[in-house]
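Q: One structure, as structure tokens, below. Some questions next.
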Amino acid sequence: MSLDSSLDLSLYLVTDTALATAAGHPILTVVREAVAGGVTVVQLREKNATAREFLDLVCRVADAVPDEVAVIVNDRVDVFLAARRLGASVSGMHLGQSDLPPALARELIGPDAVLGLSASTTAQLLEAENDPGAVDYVGIGALHATTTKTDAPRPLGIEAFAALAASTRLPAVAIGGIGRADIAPLRRAGAAGAAVVSAICSAPSPGDAARELASEWRNAR
């Protein structure tokens with residue numbers, strides 16, 4: 001599929017329940033406040049949850065956010081399909097390099113679901129681009145060193161991110177240790193969006209953090 005032009009990837013929240021809990025916030029509260037502050041996509045990434053816990057969270061988040069906010073399920077095609085079967089308004093999936101092959105995932109989730117793929121090399125981007133109809137956008141990282149993903153590749157920095165983003169026709173979302181100071185440089189570097197984890201999940205006020213990040217993106221030149 002071609003990426004729906006109405007899908008706004010600019011401020012992309014990836015959830016981390018442990019970080020949110022440590023900051024004193026239930027994850028559903030973080031999502032609600034972050035969306036009110038300007039988050040445009042919510043990817044639910046819950047590596048330590050059971051399938052049933054993950055499914056429950058996906059359904060609750062899908063019910064809590066406006067229709068224009070995309071809800072993306074990380075890794076778990078079974079959870080995505082189960083949520084859809086239950087009537088939840090989930091938009092799509094995001095896969096890593098060690099997950100199901102994108103073409104196979106596409107067959108399972110259907111032509112109308114959004115499918116994202118993590119990539120960190122030119123070869124991975126080329127493979128994603130040449131897999132017709134499978135991948136809609138790529139997540140390129142890690143921009144900086146990050147503790148929220150134990151298997152993250154080595155940090156790229158803005159210049160290397162820009163080169164990778166320019167090498168693909170697919171919309172590129174940056175991820176990995178991104179903070180407020182990175183937003184404008186990333187937009188100028190050709191990013192379709194910035195994915196953040198701790199910048200919102202660990203913030204004293206997730207809503208205020210999202211508003212600041214969204215403002216940086218809007219005002220970037």
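Each chain in the structure tokens gets a letter, A, B and so on, in the order shown; residues start at 1 in every chain, and ligands are counted from 1 in the order they appear.
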Taking 4 positions as the minimum chain separation for residues in the same chain, which residues sit within 12 Å of A:Arg52 when counting only C-alpha atoms? Answer as a PDB file with all heavy atoms, in the first residue's frame.

A:
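In the end it all went to out_26.pdb:
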```pdb
ATOM      1  N   GLU A  46       5.490  -3.146  24.231  1.00  0.00           N
ATOM      2  CA  GLU A  46       5.433  -3.696  25.589  1.00  0.00           C
ATOM      3  C   GLU A  46       6.093  -5.063  25.593  1.00  0.00           C
ATOM      4  O   GLU A  46       5.443  -6.103  25.492  1.00  0.00           O
ATOM      5  CB  GLU A  46       3.975  -3.781  26.060  1.00  0.00           C
ATOM      6  CG  GLU A  46       3.270  -2.431  26.139  1.00  0.00           C
ATOM      7  CD  GLU A  46       3.878  -1.501  27.189  1.00  0.00           C
ATOM      8  OE1 GLU A  46       4.348  -2.006  28.228  1.00  0.00           O
ATOM      9  OE2 GLU A  46       3.876  -0.278  26.962  1.00  0.00           O
ATOM     10  N   ASN A  48       7.557  -6.798  27.863  1.00  0.00           N
ATOM     11  CA  ASN A  48       7.432  -7.680  29.022  1.00  0.00           C
ATOM     12  C   ASN A  48       5.991  -8.037  29.365  1.00  0.00           C
ATOM     13  O   ASN A  48       5.744  -8.712  30.364  1.00  0.00           O
ATOM     14  CB  ASN A  48       8.096  -7.028  30.241  1.00  0.00           C
ATOM     15  CG  ASN A  48       9.580  -6.806  30.028  1.00  0.00           C
ATOM     16  OD1 ASN A  48      10.273  -7.682  29.514  1.00  0.00           O
ATOM     17  ND2 ASN A  48      10.066  -5.626  30.403  1.00  0.00           N
ATOM     18  N   ASP A  56      -5.155  -6.133  25.862  1.00  0.00           N
ATOM     19  CA  ASP A  56      -6.011  -5.250  26.657  1.00  0.00           C
ATOM     20  C   ASP A  56      -5.551  -3.801  26.546  1.00  0.00           C
ATOM     21  O   ASP A  56      -6.373  -2.888  26.369  1.00  0.00           O
ATOM     22  CB  ASP A  56      -5.994  -5.703  28.121  1.00  0.00           C
ATOM     23  CG  ASP A  56      -6.816  -4.787  29.017  1.00  0.00           C
ATOM     24  OD1 ASP A  56      -8.043  -4.715  28.839  1.00  0.00           O
ATOM     25  OD2 ASP A  56      -6.219  -4.114  29.886  1.00  0.00           O
ATOM     26  N   LEU A  57      -4.235  -3.588  26.607  1.00  0.00           N
ATOM     27  CA  LEU A  57      -3.718  -2.233  26.503  1.00  0.00           C
ATOM     28  C   LEU A  57      -3.983  -1.645  25.122  1.00  0.00           C
ATOM     29  O   LEU A  57      -4.399  -0.486  24.997  1.00  0.00           O
ATOM     30  CB  LEU A  57      -2.212  -2.221  26.790  1.00  0.00           C
ATOM     31  CG  LEU A  57      -1.521  -0.855  26.651  1.00  0.00           C
ATOM     32  CD1 LEU A  57      -2.103   0.145  27.642  1.00  0.00           C
ATOM     33  CD2 LEU A  57      -0.020  -0.996  26.849  1.00  0.00           C
ATOM     34  N   VAL A  58      -3.754  -2.426  24.085  1.00  0.00           N
ATOM     35  CA  VAL A  58      -4.001  -1.945  22.724  1.00  0.00           C
ATOM     36  C   VAL A  58      -5.449  -1.506  22.568  1.00  0.00           C
ATOM     37  O   VAL A  58      -5.743  -0.425  22.029  1.00  0.00           O
ATOM     38  CB  VAL A  58      -3.651  -3.036  21.694  1.00  0.00           C
ATOM     39  CG1 VAL A  58      -4.150  -2.646  20.302  1.00  0.00           C
ATOM     40  CG2 VAL A  58      -2.147  -3.281  21.659  1.00  0.00           C
ATOM     41  N   CYS A  59      -6.370  -2.315  23.050  1.00  0.00           N
ATOM     42  CA  CYS A  59      -7.793  -1.984  22.924  1.00  0.00           C
ATOM     43  C   CYS A  59      -8.144  -0.741  23.725  1.00  0.00           C
ATOM     44  O   CYS A  59      -8.917   0.118  23.261  1.00  0.00           O
ATOM     45  CB  CYS A  59      -8.653  -3.167  23.358  1.00  0.00           C
ATOM     46  SG  CYS A  59      -8.566  -4.592  22.236  1.00  0.00           S
ATOM     47  N   ARG A  76       3.960  -7.640  17.455  1.00  0.00           N
ATOM     48  CA  ARG A  76       3.017  -8.743  17.669  1.00  0.00           C
ATOM     49  C   ARG A  76       1.859  -8.722  16.681  1.00  0.00           C
ATOM     50  O   ARG A  76       0.824  -8.110  16.894  1.00  0.00           O
ATOM     51  CB  ARG A  76       2.496  -8.703  19.100  1.00  0.00           C
ATOM     52  CG  ARG A  76       3.547  -8.888  20.181  1.00  0.00           C
ATOM     53  CD  ARG A  76       4.115 -10.308  20.179  1.00  0.00           C
ATOM     54  NE  ARG A  76       3.098 -11.299  20.440  1.00  0.00           N
ATOM     55  CZ  ARG A  76       2.797 -11.754  21.672  1.00  0.00           C
ATOM     56  NH1 ARG A  76       3.450 -11.307  22.732  1.00  0.00           N
ATOM     57  NH2 ARG A  76       1.865 -12.660  21.832  1.00  0.00           N
ATOM     58  N   ASP A  78      -0.074 -11.172  16.065  1.00  0.00           N
ATOM     59  CA  ASP A  78      -1.234 -11.834  16.670  1.00  0.00           C
ATOM     60  C   ASP A  78      -2.062 -10.849  17.489  1.00  0.00           C
ATOM     61  O   ASP A  78      -3.307 -10.870  17.435  1.00  0.00           O
ATOM     62  CB  ASP A  78      -0.795 -13.022  17.537  1.00  0.00           C
ATOM     63  CG  ASP A  78       0.189 -12.643  18.641  1.00  0.00           C
ATOM     64  OD1 ASP A  78       0.897 -11.620  18.510  1.00  0.00           O
ATOM     65  OD2 ASP A  78       0.258 -13.391  19.652  1.00  0.00           O
ATOM     66  N   VAL A  79      -1.388  -9.961  18.220  1.00  0.00           N
ATOM     67  CA  VAL A  79      -2.108  -8.974  19.028  1.00  0.00           C
ATOM     68  C   VAL A  79      -2.818  -7.971  18.126  1.00  0.00           C
ATOM     69  O   VAL A  79      -3.966  -7.590  18.380  1.00  0.00           O
ATOM     70  CB  VAL A  79      -1.137  -8.271  19.999  1.00  0.00           C
ATOM     71  CG1 VAL A  79      -1.813  -7.096  20.694  1.00  0.00           C
ATOM     72  CG2 VAL A  79      -0.625  -9.277  21.040  1.00  0.00           C
ATOM     73  N   PHE A  80      -2.166  -7.546  17.058  1.00  0.00           N
ATOM     74  CA  PHE A  80      -2.808  -6.643  16.110  1.00  0.00           C
ATOM     75  C   PHE A  80      -4.079  -7.264  15.540  1.00  0.00           C
ATOM     76  O   PHE A  80      -5.148  -6.632  15.513  1.00  0.00           O
ATOM     77  CB  PHE A  80      -1.846  -6.297  14.970  1.00  0.00           C
ATOM     78  CG  PHE A  80      -2.503  -5.575  13.826  1.00  0.00           C
ATOM     79  CD1 PHE A  80      -2.716  -4.208  13.886  1.00  0.00           C
ATOM     80  CD2 PHE A  80      -2.924  -6.269  12.693  1.00  0.00           C
ATOM     81  CE1 PHE A  80      -3.339  -3.535  12.839  1.00  0.00           C
ATOM     82  CE2 PHE A  80      -3.539  -5.608  11.642  1.00  0.00           C
ATOM     83  CZ  PHE A  80      -3.750  -4.241  11.722  1.00  0.00           C
ATOM     84  N   ALA A  82      -5.872  -9.745  16.718  1.00  0.00           N
ATOM     85  CA  ALA A  82      -6.879  -9.956  17.753  1.00  0.00           C
ATOM     86  C   ALA A  82      -7.590  -8.647  18.090  1.00  0.00           C
ATOM     87  O   ALA A  82      -8.818  -8.627  18.279  1.00  0.00           O
ATOM     88  CB  ALA A  82      -6.229 -10.547  18.999  1.00  0.00           C
ATOM     89  N   ALA A  83      -6.836  -7.553  18.157  1.00  0.00           N
ATOM     90  CA  ALA A  83      -7.443  -6.250  18.446  1.00  0.00           C
ATOM     91  C   ALA A  83      -8.417  -5.853  17.346  1.00  0.00           C
ATOM     92  O   ALA A  83      -9.526  -5.368  17.616  1.00  0.00           O
ATOM     93  CB  ALA A  83      -6.355  -5.195  18.606  1.00  0.00           C
TER      94      ALA A  83
END
```

Q: From a backbone DSSP assignment, name each residue in stretch 137-177 of chain A labelled strand (DSSP E or B), as a PyMOL selection string.

A: chain A and resi 137-140+172-175

Q: Next, the residues of the selection above should be written as a PDB file, in the first residue's frame with N, CA and C atoms.

A:
```pdb
ATOM      1  N   TYR A 137       6.674   2.974   5.844  1.00  0.00           N
ATOM      2  CA  TYR A 137       7.626   3.960   6.365  1.00  0.00           C
ATOM      3  C   TYR A 137       8.727   3.206   7.094  1.00  0.00           C
ATOM      4  N   VAL A 138       9.844   3.876   7.303  1.00  0.00           N
ATOM      5  CA  VAL A 138      10.948   3.254   8.032  1.00  0.00           C
ATOM      6  C   VAL A 138      11.260   4.067   9.288  1.00  0.00           C
ATOM      7  N   GLY A 139      11.674   3.366  10.318  1.00  0.00           N
ATOM      8  CA  GLY A 139      12.180   3.988  11.530  1.00  0.00           C
ATOM      9  C   GLY A 139      13.696   3.855  11.515  1.00  0.00           C
ATOM     10  N   ILE A 140      14.412   4.967  11.410  1.00  0.00           N
ATOM     11  CA  ILE A 140      15.871   4.940  11.288  1.00  0.00           C
ATOM     12  C   ILE A 140      16.509   5.338  12.613  1.00  0.00           C
ATOM     13  N   ALA A 172      10.832   8.625   6.508  1.00  0.00           N
ATOM     14  CA  ALA A 172      11.768   8.167   7.537  1.00  0.00           C
ATOM     15  C   ALA A 172      11.488   8.859   8.868  1.00  0.00           C
ATOM     16  N   VAL A 173      11.275   8.054   9.892  1.00  0.00           N
ATOM     17  CA  VAL A 173      11.085   8.552  11.256  1.00  0.00           C
ATOM     18  C   VAL A 173      12.346   8.240  12.045  1.00  0.00           C
ATOM     19  N   ALA A 174      12.909   9.238  12.693  1.00  0.00           N
ATOM     20  CA  ALA A 174      14.120   9.038  13.501  1.00  0.00           C
ATOM     21  C   ALA A 174      13.739   8.534  14.883  1.00  0.00           C
ATOM     22  N   ILE A 175      14.591   7.700  15.461  1.00  0.00           N
ATOM     23  CA  ILE A 175      14.345   7.190  16.813  1.00  0.00           C
ATOM     24  C   ILE A 175      15.683   6.949  17.507  1.00  0.00           C
TER      25      ILE A 175
END
```

Q: Mind listing the helix (DSSP H, G or I) residues of stretch 45-163 of chain A, per DSSP on the backbone, as a VMD selection string?

A: chain A and resid 51 to 64 77 to 85 102 to 109 122 to 129 157 to 163

Q: Mind checking which residues fall within 7 Å of A:Ala145, counting only C-alpha atoms, ignoring those fewer than 4 positions away in the same chain, and posting them as a CSV table (one decimal) with all heavy atoms, in the first residue's frame?

A:
```csv
chain,number,residue,atom,x,y,z
A,155,PRO,N,24.9,4.5,17.6
A,155,PRO,CA,24.3,5.8,17.4
A,155,PRO,C,24.8,6.3,16.0
A,155,PRO,O,25.9,6.2,15.6
A,155,PRO,CB,24.8,6.6,18.5
A,155,PRO,CG,25.1,5.7,19.6
A,155,PRO,CD,25.6,4.5,18.9
A,176,GLY,N,15.7,7.0,18.8
A,176,GLY,CA,16.8,6.7,19.6
A,176,GLY,C,17.4,7.8,20.4
A,176,GLY,O,18.2,8.6,19.9
A,177,GLY,N,16.9,8.0,21.7
A,177,GLY,CA,17.4,9.0,22.6
A,177,GLY,C,17.1,10.4,22.1
A,177,GLY,O,17.8,11.3,22.5
```

Q: May I ask which of the residues A:Thr146, A:Leu28, A:Ser10, A:Ala134 is the closest one to A:Pro171, counting only C-alpha atoms?

A: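 The answer is A:Ser10, which sits nearest to A:Pro171.
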
Q: Do a neighbour search on A:Ala103 at 12 Å with only C-alpha atoms, toss out local chain neighbours closer than 5 positions, and write the hits as a JSON list (two decimals) with C-alpha atoms, in the first residue's frame.

A:
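File written: part20.json
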```
[["chain", "number", "residue", "atom", "x", "y", "z"],
["A", 1, "MET", "CA", 0.00, 0.00, 0.00],
["A", 95, "LEU", "CA", 8.49, -4.54, 12.83],
["A", 108, "LEU", "CA", -1.45, -11.30, 7.37],
["A", 109, "ILE", "CA", -2.48, -7.73, 8.27],
["A", 110, "GLY", "CA", -4.00, -6.85, 4.90],
["A", 111, "PRO", "CA", -3.46, -4.11, 2.32],
["A", 115, "LEU", "CA", 3.39, -1.23, 8.15],
["A", 116, "GLY", "CA", 6.61, 0.27, 9.48],
["A", 117, "LEU", "CA", 10.07, -1.27, 9.65],
["A", 127, "GLU", "CA", 15.49, -4.06, 0.86],
["A", 128, "ALA", "CA", 12.48, -2.34, 2.44],
["A", 129, "GLU", "CA", 12.02, -0.07, -0.56],
["A", 130, "ASN", "CA", 12.27, -2.92, -3.06],
["A", 131, "ASP", "CA", 9.65, -5.04, -1.28],
["A", 132, "PRO", "CA", 6.65, -3.75, -3.26],
["A", 133, "GLY", "CA", 3.56, -3.01, -1.24],
["A", 134, "ALA", "CA", 5.02, -4.23, 2.04],
["A", 135, "VAL", "CA", 6.60, -1.31, 3.94],
["A", 136, "ASP", "CA", 5.01, 2.13, 4.29]]
```

Q: Separation of atom CA of A:Asn74 and atom CA of A:His94, in Å?

A: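 It comes out at 4.8 Å.
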
Q: Which one is closest to A:Ala49: A:Ala18, A:Leu125, A:Leu156, A:Leu86? Count only C-alpha atoms.

A: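 Once distances to A:Ala49 are computed over only C-alpha atoms, the minimum belongs to A:Ala18.
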
Q: Do you know which residues are at most 9 Å from A:Gly38 counting only C-alpha atoms, after dropping those on the same chain fewer than 3 positions away, and could you put them as a PDB file with C-alpha atoms, in the first residue's frame?

A:
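Final output, saved to selection_13.pdb:
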```
ATOM      1  CA  LEU A  11       5.512  13.315  16.684  1.00  0.00           C
ATOM      2  CA  GLU A  33      -1.906  13.563  27.864  1.00  0.00           C
ATOM      3  CA  ALA A  34       0.680  13.139  25.103  1.00  0.00           C
ATOM      4  CA  VAL A  35      -1.980  13.007  22.393  1.00  0.00           C
ATOM      5  CA  GLY A 207       1.366  16.579  28.040  1.00  0.00           C
ATOM      6  CA  ALA A 210       4.554  16.616  23.985  1.00  0.00           C
ATOM      7  CA  ARG A 211       3.501  20.243  23.514  1.00  0.00           C
ATOM      8  CA  GLU A 212       7.123  21.394  23.592  1.00  0.00           C
ATOM      9  CA  LEU A 213       8.215  18.743  21.091  1.00  0.00           C
ATOM     10  CA  ALA A 214       5.279  19.456  18.772  1.00  0.00           C
ATOM     11  CA  SER A 215       6.046  23.169  18.915  1.00  0.00           C
TER      12      SER A 215
END
```

Q: What's the separation between atom CA of A:Ala70 and atom CA of A:Val90, in Å to one decimal place?

A: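 Taking atom CA of A:Ala70 as the start and atom CA of A:Val90 as the end point, the length is 7.0 Å.
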
Q: Using only C-alpha atoms, which residues sit within 9 Å of A:Gln97 once same-chain residues fewer than 3 positions away are excluded, as a ChimeraX atom specification?

A: /A:100-101,117-119,124

Q: Between A:Ser205, A:Ile183, A:Ala62, A:Thr121, which one has atoms that come closest to A:Arg154, using only C-alpha atoms?

A: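 Under the stated criterion, the closest residue is A:Thr121.
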
Q: Check the smallest atom-to-atom distance from each of A:Ala194, A:Arg180, A:Met93, A:Thr15 to A:Leu143 using only C-alpha atoms, then report the winner.

A: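 Among the listed residues, the smallest separation from A:Leu143 belongs to A:Ala194.
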
Q: So which one's closest to A:Glu53, A:Thr40, A:Thr168, A:Thr29, A:Thr17? Using only C-alpha atoms, please.

A: A:Thr17

Q: Got a sec: who's within 8 Å of A:Val30, counting only C-alpha atoms, leaving out chain neighbours fewer than 6 positions off, as a JSON list (two decimals) with all heavy atoms, in the first residue's frame?

A:
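The resulting file, out-v8.json, is reproduced below:
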```json
[["chain", "number", "residue", "atom", "x", "y", "z"],
["A", 20, "ALA", "N", 7.15, 4.97, 32.35],
["A", 20, "ALA", "CA", 6.00, 5.76, 32.79],
["A", 20, "ALA", "C", 5.69, 5.50, 34.26],
["A", 20, "ALA", "O", 5.43, 6.44, 35.03],
["A", 20, "ALA", "CB", 4.79, 5.43, 31.92],
["A", 200, "ILE", "N", 8.93, 11.64, 26.64],
["A", 200, "ILE", "CA", 7.54, 11.80, 27.07],
["A", 200, "ILE", "C", 7.22, 10.86, 28.23],
["A", 200, "ILE", "O", 6.66, 11.28, 29.24],
["A", 200, "ILE", "CB", 6.58, 11.56, 25.89],
["A", 200, "ILE", "CG1", 6.65, 12.75, 24.92],
["A", 200, "ILE", "CG2", 5.14, 11.38, 26.39],
["A", 200, "ILE", "CD1", 5.77, 12.62, 23.68],
["A", 201, "CYS", "N", 7.59, 9.59, 28.13],
["A", 201, "CYS", "CA", 7.20, 8.61, 29.16],
["A", 201, "CYS", "C", 7.83, 8.92, 30.52],
["A", 201, "CYS", "O", 7.24, 8.62, 31.56],
["A", 201, "CYS", "CB", 7.59, 7.20, 28.73],
["A", 201, "CYS", "SG", 6.58, 6.55, 27.37],
["A", 206, "PRO", "N", 3.75, 14.52, 30.86],
["A", 206, "PRO", "CA", 3.80, 14.04, 29.48],
["A", 206, "PRO", "C", 3.13, 15.00, 28.50],
["A", 206, "PRO", "O", 3.61, 15.18, 27.37],
["A", 206, "PRO", "CB", 3.06, 12.70, 29.54],
["A", 206, "PRO", "CG", 3.24, 12.24, 30.96],
["A", 206, "PRO", "CD", 3.19, 13.50, 31.78],
["A", 207, "GLY", "N", 2.06, 15.64, 28.92],
["A", 207, "GLY", "CA", 1.37, 16.58, 28.04],
["A", 207, "GLY", "C", 2.21, 17.79, 27.71],
["A", 207, "GLY", "O", 2.29, 18.21, 26.55]]
```

Q: Kindly give the distance, in Å, that separates atom CA of A:Gly96 and atom CA of A:Gly141, rounded to a single decimal.

A: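 Spanning atom CA of A:Gly96 to atom CA of A:Gly141 is a straight-line distance of 11.4 Å.
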